[in-house]
Each structure stands twice: as C-alpha cells, then as structure tokens.
$ cat entry.pdb   # PDB, N, CA and C atoms
MODEL        1
ATOM      1  N   MET A   1      -0.314  54.214   4.427
ATOM      2  CA  MET A   1      -1.598  54.818   4.729
ATOM      3  C   MET A   1      -1.342  56.230   5.258
ATOM      4  N   ARG A   2      -2.240  57.121   4.926
ATOM      5  CA  ARG A   2      -2.107  58.514   5.366
ATOM      6  C   ARG A   2      -3.188  58.816   6.419
ATOM      7  N   LEU A   3      -2.744  59.377   7.533
ATOM      8  CA  LEU A   3      -3.663  59.791   8.583
ATOM      9  C   LEU A   3      -4.524  60.938   8.066
ATOM     10  N   ARG A   4      -5.811  60.817   8.214
ATOM     11  CA  ARG A   4      -6.714  61.867   7.722
ATOM     12  C   ARG A   4      -6.580  63.145   8.553
ATOM     13  N   SER A   5      -6.477  62.993   9.879
ATOM     14  CA  SER A   5      -6.430  64.166  10.744
ATOM     15  C   SER A   5      -5.851  63.803  12.111
ATOM     16  N   ALA A   6      -4.823  64.532  12.510
ATOM     17  CA  ALA A   6      -4.253  64.335  13.834
ATOM     18  C   ALA A   6      -5.292  64.684  14.900
ATOM     19  N   GLU A   7      -6.093  65.690  14.618
ATOM     20  CA  GLU A   7      -7.129  66.116  15.564
ATOM     21  C   GLU A   7      -8.159  65.009  15.801
ATOM     22  N   VAL A   8      -8.544  64.330  14.729
ATOM     23  CA  VAL A   8      -9.514  63.233  14.860
ATOM     24  C   VAL A   8      -8.892  62.085  15.649
ATOM     25  N   LEU A   9      -7.628  61.774  15.374
ATOM     26  CA  LEU A   9      -6.941  60.723  16.131
ATOM     27  C   LEU A   9      -6.941  61.065  17.619
ATOM     28  N   ARG A  10      -6.574  62.292  17.953
ATOM     29  CA  ARG A  10      -6.554  62.709  19.360
ATOM     30  C   ARG A  10      -7.951  62.631  19.983
ATOM     31  N   ALA A  11      -8.977  62.992  19.225
ATOM     32  CA  ALA A  11     -10.345  62.954  19.742
ATOM     33  C   ALA A  11     -10.766  61.521  20.073
ATOM     34  N   PHE A  12     -10.432  60.579  19.186
ATOM     35  CA  PHE A  12     -10.762  59.173  19.477
ATOM     36  C   PHE A  12      -9.957  58.653  20.653
ATOM     37  N   MET A  13      -8.706  59.052  20.751
ATOM     38  CA  MET A  13      -7.895  58.637  21.900
ATOM     39  C   MET A  13      -8.510  59.146  23.194
ATOM     40  N   LYS A  14      -8.940  60.394  23.191
ATOM     41  CA  LYS A  14      -9.560  60.969  24.387
ATOM     42  C   LYS A  14     -10.880  60.271  24.700
ATOM     43  N   GLN A  15     -11.699  60.054  23.673
ATOM     44  CA  GLN A  15     -13.000  59.412  23.863
ATOM     45  C   GLN A  15     -12.852  57.999  24.439
ATOM     46  N   LYS A  16     -11.840  57.281  23.969
ATOM     47  CA  LYS A  16     -11.621  55.895  24.409
ATOM     48  C   LYS A  16     -10.697  55.811  25.613
ATOM     49  N   ASN A  17     -10.264  56.972  26.120
ATOM     50  CA  ASN A  17      -9.379  57.044  27.280
ATOM     51  C   ASN A  17      -8.049  56.326  27.033
ATOM     52  N   PHE A  18      -7.455  56.569  25.864
ATOM     53  CA  PHE A  18      -6.173  55.983  25.494
ATOM     54  C   PHE A  18      -5.078  57.027  25.600
ATOM     55  N   SER A  19      -4.060  56.743  26.379
ATOM     56  CA  SER A  19      -2.858  57.574  26.375
ATOM     57  C   SER A  19      -2.026  57.182  25.155
ATOM     58  N   MET A  20      -1.006  57.952  24.864
ATOM     59  CA  MET A  20      -0.117  57.593  23.763
ATOM     60  C   MET A  20       0.549  56.251  24.041
ATOM     61  N   GLN A  21       0.948  56.040  25.280
ATOM     62  CA  GLN A  21       1.602  54.773  25.639
ATOM     63  C   GLN A  21       0.643  53.598  25.478
ATOM     64  N   ARG A  22      -0.582  53.757  25.918
ATOM     65  CA  ARG A  22      -1.552  52.667  25.811
ATOM     66  C   ARG A  22      -1.837  52.332  24.348
ATOM     67  N   LEU A  23      -2.024  53.353  23.513
ATOM     68  CA  LEU A  23      -2.278  53.108  22.099
ATOM     69  C   LEU A  23      -1.058  52.469  21.436
ATOM     70  N   ALA A  24       0.121  52.909  21.799
ATOM     71  CA  ALA A  24       1.348  52.312  21.257
ATOM     72  C   ALA A  24       1.444  50.839  21.632
ATOM     73  N   THR A  25       1.142  50.518  22.861
ATOM     74  CA  THR A  25       1.200  49.132  23.322
ATOM     75  C   THR A  25       0.199  48.266  22.569
ATOM     76  N   TYR A  26      -1.022  48.741  22.443
ATOM     77  CA  TYR A  26      -2.068  47.979  21.754
ATOM     78  C   TYR A  26      -1.799  47.852  20.253
ATOM     79  N   SER A  27      -1.166  48.851  19.657
ATOM     80  CA  SER A  27      -0.983  48.834  18.206
ATOM     81  C   SER A  27       0.380  48.301  17.773
ATOM     82  N   GLY A  28       1.302  48.146  18.710
ATOM     83  CA  GLY A  28       2.590  47.550  18.381
ATOM     84  C   GLY A  28       3.618  48.506  17.811
ATOM     85  N   CYS A  29       3.621  49.726  18.295
ATOM     86  CA  CYS A  29       4.652  50.677  17.862
ATOM     87  C   CYS A  29       5.129  51.458  19.082
ATOM     88  N   SER A  30       5.980  52.434  18.850
ATOM     89  CA  SER A  30       6.520  53.215  19.965
ATOM     90  C   SER A  30       5.572  54.346  20.364
ATOM     91  N   LYS A  31       5.705  54.740  21.615
ATOM     92  CA  LYS A  31       4.941  55.882  22.123
ATOM     93  C   LYS A  31       5.296  57.136  21.330
ATOM     94  N   SER A  32       6.558  57.289  20.972
ATOM     95  CA  SER A  32       6.968  58.491  20.238
ATOM     96  C   SER A  32       6.327  58.536  18.854
ATOM     97  N   PHE A  33       6.153  57.376  18.196
ATOM     98  CA  PHE A  33       5.514  57.388  16.879
ATOM     99  C   PHE A  33       4.056  57.810  16.999
ATOM    100  N   ILE A  34       3.361  57.308  18.010
ATOM    101  CA  ILE A  34       1.971  57.736  18.241
ATOM    102  C   ILE A  34       1.950  59.241  18.503
ATOM    103  N   GLY A  35       2.914  59.721  19.258
ATOM    104  CA  GLY A  35       3.011  61.155  19.515
ATOM    105  C   GLY A  35       3.199  61.957  18.237
ATOM    106  N   PHE A  36       4.053  61.469  17.344
ATOM    107  CA  PHE A  36       4.259  62.145  16.058
ATOM    108  C   PHE A  36       2.970  62.198  15.249
ATOM    109  N   LEU A  37       2.220  61.087  15.227
ATOM    110  CA  LEU A  37       0.940  61.071  14.507
ATOM    111  C   LEU A  37      -0.062  62.026  15.152
ATOM    112  N   ALA A  38      -0.169  61.953  16.477
ATOM    113  CA  ALA A  38      -1.155  62.756  17.198
ATOM    114  C   ALA A  38      -0.861  64.247  17.117
ATOM    115  N   ASN A  39       0.402  64.604  16.948
ATOM    116  CA  ASN A  39       0.790  66.013  16.841
ATOM    117  C   ASN A  39       0.845  66.503  15.403
ATOM    118  N   GLY A  40       0.664  65.581  14.453
ATOM    119  CA  GLY A  40       0.719  65.970  13.048
ATOM    120  C   GLY A  40       2.123  66.050  12.484
ATOM    121  N   ASP A  41       3.121  65.625  13.261
ATOM    122  CA  ASP A  41       4.503  65.652  12.778
ATOM    123  C   ASP A  41       4.755  64.562  11.739
ATOM    124  N   LYS A  42       4.029  63.466  11.847
ATOM    125  CA  LYS A  42       4.055  62.399  10.844
ATOM    126  C   LYS A  42       2.629  62.188  10.384
ATOM    127  N   THR A  43       2.473  61.838   9.112
ATOM    128  CA  THR A  43       1.119  61.644   8.587
ATOM    129  C   THR A  43       0.926  60.283   7.939
ATOM    130  N   THR A  44       1.994  59.501   7.823
ATOM    131  CA  THR A  44       1.860  58.202   7.171
ATOM    132  C   THR A  44       2.413  57.081   8.040
ATOM    133  N   CYS A  45       1.892  55.892   7.772
ATOM    134  CA  CYS A  45       2.384  54.687   8.433
ATOM    135  C   CYS A  45       2.039  53.487   7.557
ATOM    136  N   THR A  46       2.500  52.329   7.950
ATOM    137  CA  THR A  46       2.226  51.123   7.181
ATOM    138  C   THR A  46       0.747  50.754   7.292
ATOM    139  N   PRO A  47       0.243  50.040   6.309
ATOM    140  CA  PRO A  47      -1.150  49.573   6.399
ATOM    141  C   PRO A  47      -1.409  48.728   7.643
ATOM    142  N   LYS A  48      -0.449  47.902   8.028
ATOM    143  CA  LYS A  48      -0.605  47.053   9.226
ATOM    144  C   LYS A  48      -0.738  47.904  10.472
ATOM    145  N   LEU A  49       0.117  48.901  10.621
ATOM    146  CA  LEU A  49       0.047  49.765  11.798
ATOM    147  C   LEU A  49      -1.250  50.564  11.798
ATOM    148  N   ALA A  50      -1.655  51.059  10.647
ATOM    149  CA  ALA A  50      -2.919  51.799  10.562
ATOM    150  C   ALA A  50      -4.075  50.921  11.014
ATOM    151  N   ALA A  51      -4.090  49.680  10.561
ATOM    152  CA  ALA A  51      -5.151  48.741  10.956
ATOM    153  C   ALA A  51      -5.112  48.464  12.452
ATOM    154  N   ASN A  52      -3.913  48.323  13.002
ATOM    155  CA  ASN A  52      -3.778  48.076  14.443
ATOM    156  C   ASN A  52      -4.284  49.258  15.268
ATOM    157  N   ILE A  53      -3.970  50.474  14.832
ATOM    158  CA  ILE A  53      -4.414  51.674  15.547
ATOM    159  C   ILE A  53      -5.943  51.768  15.505
ATOM    160  N   ALA A  54      -6.512  51.578  14.321
ATOM    161  CA  ALA A  54      -7.971  51.642  14.183
ATOM    162  C   ALA A  54      -8.646  50.567  15.026
ATOM    163  N   GLU A  55      -8.076  49.369  15.018
ATOM    164  CA  GLU A  55      -8.649  48.273  15.805
ATOM    165  C   GLU A  55      -8.567  48.578  17.302
ATOM    166  N   ALA A  56      -7.435  49.089  17.743
ATOM    167  CA  ALA A  56      -7.264  49.415  19.160
ATOM    168  C   ALA A  56      -8.283  50.457  19.613
ATOM    169  N   LEU A  57      -8.567  51.422  18.747
ATOM    170  CA  LEU A  57      -9.525  52.480  19.085
ATOM    171  C   LEU A  57     -10.960  52.092  18.741
ATOM    172  N   ASP A  58     -11.130  50.912  18.135
ATOM    173  CA  ASP A  58     -12.455  50.391  17.773
ATOM    174  C   ASP A  58     -13.211  51.335  16.840
ATOM    175  N   VAL A  59     -12.493  51.780  15.798
ATOM    176  CA  VAL A  59     -13.106  52.619  14.768
ATOM    177  C   VAL A  59     -12.757  52.039  13.397
ATOM    178  N   PRO A  60     -13.591  52.260  12.392
ATOM    179  CA  PRO A  60     -13.268  51.776  11.053
ATOM    180  C   PRO A  60     -11.967  52.394  10.534
ATOM    181  N   LEU A  61     -11.183  51.602   9.854
ATOM    182  CA  LEU A  61      -9.893  52.054   9.335
ATOM    183  C   LEU A  61     -10.019  53.329   8.513
ATOM    184  N   ASP A  62     -11.031  53.382   7.643
ATOM    185  CA  ASP A  62     -11.145  54.542   6.744
ATOM    186  C   ASP A  62     -11.604  55.820   7.438
ATOM    187  N   VAL A  63     -11.981  55.730   8.695
ATOM    188  CA  VAL A  63     -12.295  56.945   9.454
ATOM    189  C   VAL A  63     -10.997  57.673   9.825
ATOM    190  N   LEU A  64      -9.957  56.902  10.119
ATOM    191  CA  LEU A  64      -8.679  57.488  10.530
ATOM    192  C   LEU A  64      -7.664  57.622   9.399
ATOM    193  N   PHE A  65      -7.677  56.686   8.459
ATOM    194  CA  PHE A  65      -6.629  56.626   7.450
ATOM    195  C   PHE A  65      -7.202  56.509   6.046
ATOM    196  N   GLU A  66      -6.394  56.935   5.072
ATOM    197  CA  GLU A  66      -6.740  56.770   3.671
ATOM    198  C   GLU A  66      -5.524  56.227   2.934
ATOM    199  N   GLN A  67      -5.783  55.516   1.857
ATOM    200  CA  GLN A  67      -4.687  55.030   1.019
ATOM    201  C   GLN A  67      -4.004  56.230   0.385
ATOM    202  N   HIS A  68      -2.726  56.129   0.165
ATOM    203  CA  HIS A  68      -2.031  57.189  -0.567
ATOM    204  C   HIS A  68      -0.982  56.575  -1.472
ATOM    205  N   ALA A  69      -0.712  57.238  -2.555
ATOM    206  CA  ALA A  69       0.299  56.762  -3.498
ATOM    207  C   ALA A  69       1.672  57.211  -3.035
ATOM    208  N   SER A  70       2.664  56.400  -3.324
ATOM    209  CA  SER A  70       4.027  56.780  -2.958
ATOM    210  C   SER A  70       4.515  57.899  -3.870
ATOM    211  N   ALA A  71       5.562  58.564  -3.467
ATOM    212  CA  ALA A  71       6.071  59.719  -4.202
ATOM    213  C   ALA A  71       6.548  59.358  -5.600
ATOM    214  N   ASP A  72       6.955  58.128  -5.814
ATOM    215  CA  ASP A  72       7.479  57.753  -7.124
ATOM    216  C   ASP A  72       6.485  56.912  -7.921
ATOM    217  N   SER A  73       5.213  57.062  -7.660
ATOM    218  CA  SER A  73       4.210  56.226  -8.321
ATOM    219  C   SER A  73       3.635  56.882  -9.569
ATOM    220  N   GLY A  74       4.466  57.601 -10.284
ATOM    221  CA  GLY A  74       3.998  58.191 -11.522
ATOM    222  C   GLY A  74       3.661  59.661 -11.406
ATOM    223  N   ARG A  75       3.838  60.237 -10.258
ATOM    224  CA  ARG A  75       3.569  61.660 -10.087
ATOM    225  C   ARG A  75       4.619  62.445 -10.856
ATOM    226  N   ARG A  76       4.177  63.397 -11.618
ATOM    227  CA  ARG A  76       5.107  64.214 -12.397
ATOM    228  C   ARG A  76       5.649  65.344 -11.537
ATOM    229  N   VAL A  77       6.937  65.588 -11.708
ATOM    230  CA  VAL A  77       7.582  66.694 -10.992
ATOM    231  C   VAL A  77       7.925  67.756 -12.009
ATOM    232  N   ARG A  78       7.458  68.976 -11.742
ATOM    233  CA  ARG A  78       7.764  70.080 -12.650
ATOM    234  C   ARG A  78       9.194  70.520 -12.433
ATOM    235  N   GLN A  79       9.929  70.594 -13.484
ATOM    236  CA  GLN A  79      11.328  70.986 -13.375
ATOM    237  C   GLN A  79      11.525  72.403 -13.895
ATOM    238  N   GLY A  80      12.482  73.083 -13.344
ATOM    239  CA  GLY A  80      12.820  74.423 -13.800
ATOM    240  C   GLY A  80      11.929  75.506 -13.212
ATOM    241  N   VAL A  81      11.106  75.166 -12.241
ATOM    242  CA  VAL A  81      10.242  76.154 -11.618
ATOM    243  C   VAL A  81      10.824  76.505 -10.261
ATOM    244  N   ALA A  82      11.086  77.780 -10.060
ATOM    245  CA  ALA A  82      11.719  78.211  -8.812
ATOM    246  C   ALA A  82      10.689  78.580  -7.791
TER     247      ALA A  82
ENDMDL
END
$ encode --input "entry.pdb" --output "structure tokens"
Amino acid sequence: MRLRSAEVLRAFMKQKNFSMQRLATYSGCSKSFIGFLANGDKTTCTPKLAANIAEALDVPLDVLFEQHASADSGRRVRQGVA
C-alpha cells in the first residue's frame, strides 16, 4: 500500500493526539517506521500495516493509503535513455 500523504498522516496523528510511539504500539510496528512514514522518507507498507494504522487512527483505509503495483508488475523500463 502507498501512503497518500505524509502531511495527512501527521494531521490525523495530531488530531487524534497520537505520538509516533503510540501509533506504532497500536499498529504493531516500530516507532522509527512510523517516523519514516510521517516524514515522507518511506511511502509504502504492507496492506496489514496500512489497515492497522488506519484503524488505530479511526479513519477509512483509502483516506490514508492507496493500492500500488509492484515495480516488476509489467511496468516497462525505457532502455538506452540517459
């Protein structure tokens, strides 16, 4: 799943009074991973983790995350272009 916006994630965390540690505890991941998402350093996570984060913040999954195709799912790579 791809995070739609780090800014939106941070806004929901602030609105719900969730620290990175609290969201990590409720969603079952590390505080540093939540930090990476909230800062925009990481943009993807597993569907299970995305669902846990959305549930912890009490928002619909599709407000925070969207499905995305993997890099090798048929995407063409242009070769010979510098």
$ atom_distance --input "entry.pdb" --atom1 "atom N of A:Gln67" --atom2 "atom CA of A:Asn52"
14.8 Å
$ residues_around --input "entry.pdb" --residues "A:Ser32" --least-positions-apart "6" --cutoff "9 Å" --atoms "only C-alpha atoms" --output "short mmCIF file (atom, residue, chain, number, x, y, z; two decimals) with N, CA and C atoms, keeping the file's coordinate frame"
data_model
loop_
_atom_site.label_atom_id
_atom_site.label_comp_id
_atom_site.auth_asym_id
_atom_site.auth_seq_id
_atom_site.Cartn_x
_atom_site.Cartn_y
_atom_site.Cartn_z
N MET A 20 -1.01 57.95 24.86
CA MET A 20 -0.12 57.59 23.76
C MET A 20 0.55 56.25 24.04
N GLN A 21 0.95 56.04 25.28
CA GLN A 21 1.60 54.77 25.64
C GLN A 21 0.64 53.60 25.48
N ALA A 24 0.12 52.91 21.80
CA ALA A 24 1.35 52.31 21.26
C ALA A 24 1.44 50.84 21.63
#
$ atom_distance --input "entry.pdb" --atom1 "atom CA of A:Thr25" --atom2 "atom N of A:Ala56"
10.3 Å
$ select_by_dssp --input "entry.pdb" --residues "chain A" --states "strand (DSSP E)" --output "VMD selection string"
chain A and resid 2 to 3 65 to 66
$ atom_distance --input "entry.pdb" --atom1 "atom N of A:Ile34" --atom2 "atom CA of A:Val8"
14.5 Å
$ closest_residue --input "entry.pdb" --among "A:Lys14, A:Lys48, A:Lys42, A:His68" --to "A:Ser27" --atoms "only N, CA and C atoms"
A:Lys48
$ resolve_selection --input "entry.pdb" --expression "the PyMOL selection byres ((chain A and resi 61-66) around 8)" --output "ChimeraX atom specification"
/A:1-5,8-9,50-55,58-60,67-69
$ write_last_selection --input "entry.pdb" --atoms "N, CA and C atoms" --output "compact mmCIF listing (two decimals), in the coordinates of the input"
# COMPACT_ATOMS: atom_id res chain seq x y z
N MET A 1 -0.31 54.21 4.43
CA MET A 1 -1.60 54.82 4.73
C MET A 1 -1.34 56.23 5.26
N ARG A 2 -2.24 57.12 4.93
CA ARG A 2 -2.11 58.51 5.37
C ARG A 2 -3.19 58.82 6.42
N LEU A 3 -2.74 59.38 7.53
CA LEU A 3 -3.66 59.79 8.58
C LEU A 3 -4.52 60.94 8.07
N ARG A 4 -5.81 60.82 8.21
CA ARG A 4 -6.71 61.87 7.72
C ARG A 4 -6.58 63.14 8.55
N SER A 5 -6.48 62.99 9.88
CA SER A 5 -6.43 64.17 10.74
C SER A 5 -5.85 63.80 12.11
N VAL A 8 -8.54 64.33 14.73
CA VAL A 8 -9.51 63.23 14.86
C VAL A 8 -8.89 62.08 15.65
N LEU A 9 -7.63 61.77 15.37
CA LEU A 9 -6.94 60.72 16.13
C LEU A 9 -6.94 61.06 17.62
N ALA A 50 -1.66 51.06 10.65
CA ALA A 50 -2.92 51.80 10.56
C ALA A 50 -4.08 50.92 11.01
N ALA A 51 -4.09 49.68 10.56
CA ALA A 51 -5.15 48.74 10.96
C ALA A 51 -5.11 48.46 12.45
N ASN A 52 -3.91 48.32 13.00
CA ASN A 52 -3.78 48.08 14.44
C ASN A 52 -4.28 49.26 15.27
N ILE A 53 -3.97 50.47 14.83
CA ILE A 53 -4.41 51.67 15.55
C ILE A 53 -5.94 51.77 15.50
N ALA A 54 -6.51 51.58 14.32
CA ALA A 54 -7.97 51.64 14.18
C ALA A 54 -8.65 50.57 15.03
N GLU A 55 -8.08 49.37 15.02
CA GLU A 55 -8.65 48.27 15.80
C GLU A 55 -8.57 48.58 17.30
N ASP A 58 -11.13 50.91 18.14
CA ASP A 58 -12.46 50.39 17.77
C ASP A 58 -13.21 51.34 16.84
N VAL A 59 -12.49 51.78 15.80
CA VAL A 59 -13.11 52.62 14.77
C VAL A 59 -12.76 52.04 13.40
N PRO A 60 -13.59 52.26 12.39
CA PRO A 60 -13.27 51.78 11.05
C PRO A 60 -11.97 52.39 10.53
N GLN A 67 -5.78 55.52 1.86
CA GLN A 67 -4.69 55.03 1.02
C GLN A 67 -4.00 56.23 0.38
N HIS A 68 -2.73 56.13 0.16
CA HIS A 68 -2.03 57.19 -0.57
C HIS A 68 -0.98 56.58 -1.47
N ALA A 69 -0.71 57.24 -2.56
CA ALA A 69 0.30 56.76 -3.50
C ALA A 69 1.67 57.21 -3.04
$ select_by_dssp --input "entry.pdb" --residues "chain A" --states "alpha helix (DSSP H)" --output "MDAnalysis selection string"
chainID A and resid 6:15 20:27 31:39 47:57 61:64
$ closest_residue --input "entry.pdb" --among "A:Ala6, A:Leu57, A:Phe12, A:Ser19" --to "A:Thr43" --atoms "only C-alpha atoms"
A:Ala6
